[in-house]
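J.: This is the content of query.tsv (TSV, C-alpha atoms and all ligand atoms):
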chain	number	residue	atom	x	y	z
A	241	MET	CA	-1.29	27.32	6.33
A	242	ARG	CA	-2.91	25.18	3.66
A	243	PRO	CA	-4.99	22.36	5.17
A	244	THR	CA	-3.01	19.80	3.15
A	245	GLU	CA	0.24	21.16	4.61
A	246	HIS	CA	-1.28	20.87	8.10
A	247	LEU	CA	-2.19	17.24	7.33
A	248	ARG	CA	1.30	16.51	6.00
A	249	GLN	CA	2.82	17.84	9.22
A	250	LEU	CA	0.58	15.53	11.28
A	251	ALA	CA	2.33	12.62	9.54
A	252	ALA	CA	5.81	14.19	9.47
A	253	ASP	CA	7.88	11.15	10.54
A	254	ASP	CA	6.29	8.68	8.13
A	255	TRP	CA	6.25	11.34	5.42
A	256	HIS	CA	9.98	11.86	5.75
A	257	ALA	CA	10.64	8.10	5.75
A	258	ALA	CA	8.43	7.50	2.70
A	259	THR	CA	9.89	10.35	0.64
A	260	THR	CA	13.60	9.74	1.38
A	261	HIS	CA	13.50	5.94	1.29
A	262	ALA	CA	16.50	3.80	0.34
A	263	PHE	CA	14.24	2.07	-2.20
A	264	THR	CA	13.77	5.22	-4.28
A	265	THR	CA	17.29	6.55	-3.64
A	266	GLU	CA	18.74	3.34	-5.09
A	267	LEU	CA	16.13	3.27	-7.87
A	268	ALA	CA	17.24	6.74	-8.99
A	269	ALA	CA	20.91	5.77	-8.73
A	270	GLY	CA	20.33	2.62	-10.77
A	271	THR	CA	21.68	0.44	-7.94
A	272	LEU	CA	18.39	-1.06	-6.74
A	273	PRO	CA	18.62	-4.87	-6.98
A	274	LEU	CA	16.37	-6.00	-9.82
A	275	ASP	CA	14.58	-8.60	-7.72
A	276	LYS	CA	13.41	-5.83	-5.39
A	277	MET	CA	12.16	-3.88	-8.41
A	278	ARG	CA	10.39	-6.97	-9.79
A	279	TRP	CA	8.67	-7.53	-6.45
A	280	TYR	CA	7.66	-3.87	-6.21
A	281	LEU	CA	6.27	-3.77	-9.77
A	282	ALA	CA	4.14	-6.87	-9.23
A	283	GLN	CA	2.74	-5.49	-5.97
A	284	ASP	CA	2.30	-1.96	-7.24
A	285	TYR	CA	0.38	-3.15	-10.29
A	286	GLN	CA	-2.14	-4.59	-7.85
A	287	PHE	CA	-2.18	-1.24	-6.00
A	288	ILE	CA	-2.98	0.47	-9.33
A	289	ASP	CA	-6.15	-1.59	-9.73
A	290	GLY	CA	-7.59	-0.16	-6.50
A	291	PHE	CA	-6.19	3.27	-7.25
A	292	VAL	CA	-8.03	3.48	-10.60
A	293	ARG	CA	-11.30	2.58	-8.87
A	294	LEU	CA	-10.68	5.21	-6.17
A	295	LEU	CA	-9.83	7.91	-8.69
A	296	ALA	CA	-12.93	7.04	-10.72
A	297	SER	CA	-15.01	7.34	-7.53
A	298	ALA	CA	-13.51	10.78	-6.84
A	299	ILE	CA	-14.39	11.85	-10.39
A	300	ALA	CA	-17.95	10.71	-9.74
A	301	HIS	CA	-18.11	12.74	-6.51
A	302	ALA	CA	-16.42	15.96	-7.69
A	303	PRO	CA	-18.71	18.94	-7.11
A	304	SER	CA	-18.71	20.06	-10.75
A	305	LEU	CA	-17.50	19.03	-14.19
A	306	ALA	CA	-14.68	21.58	-13.95
A	307	ASP	CA	-13.56	20.03	-10.66
A	308	SER	CA	-13.50	16.57	-12.24
A	309	VAL	CA	-11.69	17.25	-15.52
A	310	PRO	CA	-8.07	17.22	-14.22
A	311	ALA	CA	-8.76	13.93	-12.40
A	312	ALA	CA	-10.31	12.43	-15.52
A	313	GLN	CA	-7.27	13.46	-17.54
A	314	PHE	CA	-4.99	11.95	-14.89
A	315	LEU	CA	-7.01	8.72	-15.00
A	316	ALA	CA	-6.13	8.51	-18.71
A	317	VAL	CA	-2.41	8.78	-17.82
A	318	ILE	CA	-2.67	5.98	-15.26
A	319	THR	CA	-4.60	3.68	-17.58
A	320	GLY	CA	-2.45	4.70	-20.59
A	321	PRO	CA	1.30	5.43	-20.26
A	322	GLU	CA	1.55	4.19	-16.67
A	323	ASN	CA	-0.24	0.93	-17.43
A	324	THR	CA	2.00	0.24	-20.44
A	325	TYR	CA	5.07	1.15	-18.34
A	326	PHE	CA	4.22	-1.80	-16.06
A	327	LEU	CA	3.60	-4.18	-18.96
A	328	ARG	CA	6.84	-3.16	-20.73
A	329	SER	CA	8.79	-3.46	-17.46
A	330	PHE	CA	7.39	-6.95	-16.76
A	331	GLU	CA	8.61	-8.02	-20.18
A	332	ALA	CA	12.00	-6.27	-20.11
A	333	LEU	CA	12.74	-7.62	-16.62
A	334	GLU	CA	11.74	-11.09	-17.85
A	335	MET	CA	9.21	-11.56	-15.10
A	336	THR	CA	7.48	-14.92	-15.17
A	337	ALA	CA	3.69	-15.17	-15.02
A	338	GLN	CA	4.15	-16.36	-11.44
A	339	GLN	CA	6.19	-13.26	-10.55
A	340	GLN	CA	3.71	-10.95	-12.25
A	341	ASN	CA	0.75	-12.53	-10.49
A	342	ALA	CA	2.27	-12.81	-7.03
A	343	ALA	CA	-0.13	-12.95	-4.11
A	344	PRO	CA	-0.72	-9.52	-2.57
A	345	ALA	CA	1.69	-8.82	0.28
A	346	PRO	CA	0.31	-7.49	3.60
A	347	ALA	CA	1.35	-3.92	2.67
A	348	THR	CA	-0.51	-4.25	-0.64
A	349	ARG	CA	-3.61	-5.72	0.98
A	350	ASP	CA	-3.64	-2.95	3.59
A	351	PHE	CA	-3.44	-0.30	0.89
A	352	GLN	CA	-6.15	-1.97	-1.18
A	353	ALA	CA	-8.39	-2.06	1.89
A	354	LEU	CA	-7.75	1.63	2.62
A	355	MET	CA	-8.55	2.65	-0.96
A	356	ALA	CA	-11.68	0.47	-1.04
A	357	GLU	CA	-12.80	2.00	2.27
A	358	ALA	CA	-12.31	5.54	0.95
A	359	ALA	CA	-14.12	4.75	-2.32
A	360	ALA	CA	-17.02	3.03	-0.54
A	361	SER	CA	-17.43	5.93	1.93
A	362	GLY	CA	-19.09	8.02	-0.75
A	363	ARG	CA	-17.30	11.01	0.77
A	364	TYR	CA	-15.20	13.12	-1.57
A	365	GLU	CA	-12.90	14.39	1.18
A	366	LEU	CA	-11.93	10.86	2.26
A	367	MET	CA	-11.20	9.86	-1.32
A	368	LEU	CA	-9.05	12.97	-1.73
A	369	ALA	CA	-7.13	12.29	1.49
A	370	VAL	CA	-5.83	9.00	0.07
A	371	LEU	CA	-5.28	10.36	-3.45
A	372	VAL	CA	-3.33	13.38	-2.16
A	373	VAL	CA	-1.02	11.16	-0.12
A	374	ALA	CA	-0.44	8.68	-2.95
A	375	GLU	CA	0.54	11.33	-5.47
A	376	TRP	CA	2.16	13.97	-3.26
A	377	THR	CA	4.54	11.50	-1.58
A	378	TYR	CA	5.61	10.29	-5.04
A	379	LEU	CA	6.11	13.85	-6.32
A	380	SER	CA	8.22	14.53	-3.22
A	381	TRP	CA	10.69	11.68	-3.73
A	382	ALA	CA	10.80	11.94	-7.53
A	383	THR	CA	11.33	15.69	-7.90
A	384	PRO	CA	14.86	15.82	-6.44
A	385	VAL	CA	15.99	12.99	-8.76
A	386	ASN	CA	14.39	14.40	-11.93
A	387	PRO	CA	15.61	14.42	-14.67
A	388	PRO	CA	16.89	10.87	-14.25
A	389	GLN	CA	20.50	9.92	-14.92
A	390	ASP	CA	21.15	9.32	-18.66
A	391	ASP	CA	22.28	5.74	-18.18
A	392	LEU	CA	19.22	4.51	-16.27
A	393	PRO	CA	17.18	1.68	-17.82
A	394	PHE	CA	13.60	2.73	-18.60
A	395	TRP	CA	12.12	0.71	-15.74
A	396	PHE	CA	13.90	3.04	-13.33
A	397	ALA	CA	13.96	6.29	-15.38
A	398	GLU	CA	10.28	6.28	-16.35
A	399	TRP	CA	9.20	5.63	-12.78
A	400	VAL	CA	10.88	8.96	-11.95
A	401	THR	CA	9.53	10.89	-14.95
A	402	LEU	CA	5.97	9.60	-14.42
A	403	HIS	CA	6.07	11.22	-10.95
A	404	ALA	CA	7.83	14.53	-11.55
A	405	GLY	CA	7.76	17.54	-13.88
A	406	ASP	CA	5.16	20.17	-14.71
A	407	GLY	CA	2.31	17.81	-15.61
A	408	PHE	CA	2.55	15.75	-12.45
A	409	GLU	CA	3.07	18.85	-10.30
A	410	GLY	CA	-0.21	20.10	-11.77
A	411	VAL	CA	-1.96	16.86	-10.76
A	412	VAL	CA	-0.75	17.14	-7.17
A	413	GLU	CA	-1.63	20.83	-7.00
A	414	TYR	CA	-5.12	20.06	-8.30
A	415	LEU	CA	-5.69	17.24	-5.77
A	416	ARG	CA	-4.37	19.35	-2.90
A	417	THR	CA	-6.54	22.30	-3.90
A	418	GLN	CA	-9.64	20.08	-4.01
A	419	LEU	CA	-8.93	18.92	-0.46
A	420	ASP	CA	-7.95	22.42	0.72
A	421	GLN	CA	-11.29	23.72	-0.58
A	422	VAL	CA	-13.48	21.04	0.99
A	423	TRP	CA	-11.66	21.09	4.37
A	424	PRO	CA	-13.24	24.32	5.78
A	425	THR	CA	-16.72	23.01	4.92
A	426	LEU	CA	-16.24	19.96	7.22
A	427	ASP	CA	-17.16	19.84	10.90
A	428	ALA	CA	-14.53	18.84	13.47
A	429	GLU	CA	-15.51	15.17	13.42
A	430	ALA	CA	-15.24	14.94	9.64
A	431	GLN	CA	-11.90	16.77	9.68
A	432	ALA	CA	-10.62	14.25	12.24
A	433	GLU	CA	-11.70	11.38	9.95
A	434	VAL	CA	-9.84	12.96	7.02
A	435	ALA	CA	-6.74	13.43	9.18
A	436	ALA	CA	-6.88	9.81	10.41
A	437	LEU	CA	-7.12	8.48	6.86
A	438	PHE	CA	-4.35	10.77	5.64
A	439	ILE	CA	-2.05	9.60	8.47
A	440	ARG	CA	-2.87	5.93	7.75
A	441	ALA	CA	-2.14	6.43	4.05
A	442	VAL	CA	1.28	7.99	4.73
A	443	ALA	CA	2.16	5.11	7.08
A	444	LEU	CA	1.16	2.65	4.33
A	445	GLU	CA	3.33	4.43	1.75
A	446	ARG	CA	6.27	3.96	4.10
A	447	ALA	CA	5.33	0.32	4.76
A	448	PHE	CA	5.04	-0.37	1.02
A	449	PHE	CA	8.61	0.85	0.41
A	450	ASP	CA	9.85	-0.99	3.52
A	451	ALA	CA	8.35	-4.25	2.24
A	452	SER	CA	9.70	-3.69	-1.28
A	453	TYR	CA	13.19	-2.96	0.01
A	454	ALA	CA	13.11	-6.03	2.24
A	455	ALA	CA	11.98	-8.28	-0.64
B	1	LIG	C1	1.95	2.43	-3.27
B	1	LIG	C2	1.93	3.54	-4.27
B	1	LIG	N1	1.63	4.80	-3.87
B	1	LIG	C3	1.60	5.80	-4.81
B	1	LIG	C4	1.85	5.56	-6.12
B	1	LIG	C5	1.83	6.70	-7.10
B	1	LIG	N2	0.85	6.61	-8.06
B	1	LIG	C6	2.11	4.27	-6.48
B	1	LIG	N3	2.34	3.92	-7.76
B	1	LIG	N4	2.15	3.24	-5.55
Show how you would write the structure in this file as C-alpha cells.
Ligand SMILES: Cc1ncc(CN)c(N)n1

T.:
Amino acid sequence: MRPTEHLRQLAADDWHAATTHAFTTELAAGTLPLDKMRWYLAQDYQFIDGFVRLLASAIAHAPSLADSVPAAQFLAVITGPENTYFLRSFEALEMTAQQQNAAPAPATRDFQALMAEAAASGRYELMLAVLVVAEWTYLSWATPVNPPQDDLPFWFAEWVTLHAGDGFEGVVEYLRTQLDQVWPTLDAEAQAEVAALFIRAVALERAFFDASYAA
C-alpha cells in the first residue's frame, strides 16, 4: 500500500466527513446559501496566505530541481488564477471590505498555525503531509461533481474546476509521490510525527467546512 494511502486510512472518519460535506454538496448543486459562501471565501483567502508560504517552503526543501518544478508551477496557479478567482468572487458577491477582511475564525487560525508549524519545521516530509491533505481532500470532493452543472455561477463552478481534472490530479499525484518517496527514509519517530500532522490536517479540513456551513 502507498504510504499516503496508509495515512489517509488513519484519518478515515474525518476524511470521509471532509470529502462528502454538505457544504461542498450544496456548492456543487448551486443551493449553498450565499452568506455561507461569502464567509468561506473570506476565511479561505486567509488560509491561502499561509498555504502559499508553506508551498514556497516545500519548494525550497525539495531534494532536487526536478522535484520542485511541479510545486513551483502549482504555486503559479494559486497566485494566478486561484487568487483572481477570490478577487472576482468578492466583487461579484458584493462583499463589503468588512466582509472581505473578517477576523480569522478559530478553524482558520488553527489551520494557519498548523501550516506555519510545518513550514517552520524545516522538514520536507512535514510540509508535504499538510500539502497532501489540503489538495487531496479537495480533489476527492471535487472530482465526483466535475464538470460542474451548466447553470452554476462562476463562484461555485470555478471552485470545482480549480480542484478537479487532469492538471489538478497531476498536482495531487506529484505531492503524494513526494511523500511516498520520503516516507521509507524516515525512522519510526519521524513517521509518527508525519502521521500526527496528517491526521490533524484532515481534522482541520473537516472543521473548516463545519464552520463554513454553520456560518
Ligand atoms: C481549507 C482549505 N483546504 C484546502 C484548500 C485547497 N487548496 C483550500 N482552498 N482551503

J.: Set the cut-off to 10 Å, count only C-alpha atoms and all ligand atoms, and list whatever residues fall near ligand LIG 1 (chain B) as a PyMOL selection string.

T.: chain A and resi 258+280-281+283-288+291-292+318+322+347-348+351-352+370-379+399+402-403+441-442+444-449

J.: Would you save the residues of that selection, restricted to C-alpha atoms, as a tab-separated table (two decimals), in the frame of the given file?

T.:
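As a result, again27.tsv now contains:
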chain	number	residue	atom	x	y	z
A	258	ALA	CA	8.43	7.50	2.70
A	280	TYR	CA	7.66	-3.87	-6.21
A	281	LEU	CA	6.27	-3.77	-9.77
A	283	GLN	CA	2.74	-5.49	-5.97
A	284	ASP	CA	2.30	-1.96	-7.24
A	285	TYR	CA	0.38	-3.15	-10.29
A	286	GLN	CA	-2.14	-4.59	-7.85
A	287	PHE	CA	-2.18	-1.24	-6.00
A	288	ILE	CA	-2.98	0.47	-9.33
A	291	PHE	CA	-6.19	3.27	-7.25
A	292	VAL	CA	-8.03	3.48	-10.60
A	318	ILE	CA	-2.67	5.98	-15.26
A	322	GLU	CA	1.55	4.19	-16.67
A	347	ALA	CA	1.35	-3.92	2.67
A	348	THR	CA	-0.51	-4.25	-0.64
A	351	PHE	CA	-3.44	-0.30	0.89
A	352	GLN	CA	-6.15	-1.97	-1.18
A	370	VAL	CA	-5.83	9.00	0.07
A	371	LEU	CA	-5.28	10.36	-3.45
A	372	VAL	CA	-3.33	13.38	-2.16
A	373	VAL	CA	-1.02	11.16	-0.12
A	374	ALA	CA	-0.44	8.68	-2.95
A	375	GLU	CA	0.54	11.33	-5.47
A	376	TRP	CA	2.16	13.97	-3.26
A	377	THR	CA	4.54	11.50	-1.58
A	378	TYR	CA	5.61	10.29	-5.04
A	379	LEU	CA	6.11	13.85	-6.32
A	399	TRP	CA	9.20	5.63	-12.78
A	402	LEU	CA	5.97	9.60	-14.42
A	403	HIS	CA	6.07	11.22	-10.95
A	441	ALA	CA	-2.14	6.43	4.05
A	442	VAL	CA	1.28	7.99	4.73
A	444	LEU	CA	1.16	2.65	4.33
A	445	GLU	CA	3.33	4.43	1.75
A	446	ARG	CA	6.27	3.96	4.10
A	447	ALA	CA	5.33	0.32	4.76
A	448	PHE	CA	5.04	-0.37	1.02
A	449	PHE	CA	8.61	0.85	0.41

J.: Between A:Ala382, A:Val434, A:Leu305, A:Leu333, which has the minimum distance to Lys276 (chain A) (counting only C-alpha atoms)?

T.: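 Checking each of A:Ala382, A:Val434, A:Leu305, A:Leu333 against Lys276 (chain A), counting only C-alpha atoms, the winner is A:Leu333.
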
J.: Compare A:Tyr325, A:Phe314, A:Trp279, A:Phe408 by their minimum atom-to-atom distance to Ala296 (chain A), counting all atoms listed in the file, and give me the closest one.

T.: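 Of A:Tyr325, A:Phe314, A:Trp279, A:Phe408, the one nearest Ala296 (chain A) is A:Phe314, counting all atoms listed in the file.
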
J.: Counting all atoms listed in the file, what is within 9 Å of Asp450 (chain A), bar same-chain residues fewer than 6 positions away, as a PDB file with C-alpha atoms, in the frame of the given file?

T.:
ATOM      1  CA  ALA A 258       8.430   7.500   2.700  1.00  0.00           C
ATOM      2  CA  HIS A 261      13.500   5.940   1.290  1.00  0.00           C
ATOM      3  CA  ALA A 262      16.500   3.800   0.340  1.00  0.00           C
ATOM      4  CA  PHE A 263      14.240   2.070  -2.200  1.00  0.00           C
TER       5      PHE A 263
END

J.: Can you measure CA of Ala312 (chain A) to CA of Ile299 (chain A) for me? One decimal in Å is fine.

T.: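 Between CA of Ala312 (chain A) and CA of Ile299 (chain A) the gap works out to 6.6 Å.
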
J.: Determine the nearest neighbour of Val400 (chain A) from the options A:Ser361, A:Ala302, A:Ser329, A:Pro388, counting all atoms listed in the file.

T.: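 Between A:Ser361, A:Ala302, A:Ser329, A:Pro388, the residue approaching Val400 (chain A) most closely is A:Pro388.
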
J.: Quick one, how far is CA of Thr383 (chain A) from CA of Leu267 (chain A)?

T.: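 So the two atoms, CA of Thr383 (chain A) and CA of Leu267 (chain A), lie 13.3 Å apart.
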
J.: For Phe394 (chain A), which of A:Ala359, A:Ala251, A:Ala345, A:Ala268 is the closest residue, counting all atoms listed in the file?

T.: A:Ala268

J.: For Tyr414 (chain A), please output as a ChimeraX atom specification all residues within 9 Å (counting all atoms listed in the file; exclusion window: fewer than 5 positions along the same chain).

T.: /A:307,310-311,409,419

J.: How far is it from CA of Gly270 (chain A) to CA of Tyr453 (chain A), in Å with one decimal?

T.: 14.1 Å

J.: When you count all atoms listed in the file, which of these residues is closest to Val309 (chain A): A:Val411, A:Leu392, A:Val385, A:Ala337?

T.: A:Val411

J.: Which residue is closest to Met277 (chain A)? Choose from A:Ala332, A:Leu415, A:Ala356, A:Val422 and count all atoms listed in the file.

T.: A:Ala332

J.: Using only C-alpha atoms, give me every residue within 10 Å of (-7.4, 10.0, 7.8) in file coordinates, as a list in words.

T.: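 These residues have at least one counted atom within 10 Å: Leu247, Leu354, Ala358, Glu365, Leu366, Met367, Ala369, Val370, Ala430, Gln431, Ala432, Glu433, Val434, Ala435, Ala436, Leu437, Phe438, Ile439, Arg440, Ala441 and Val442 of chain A.
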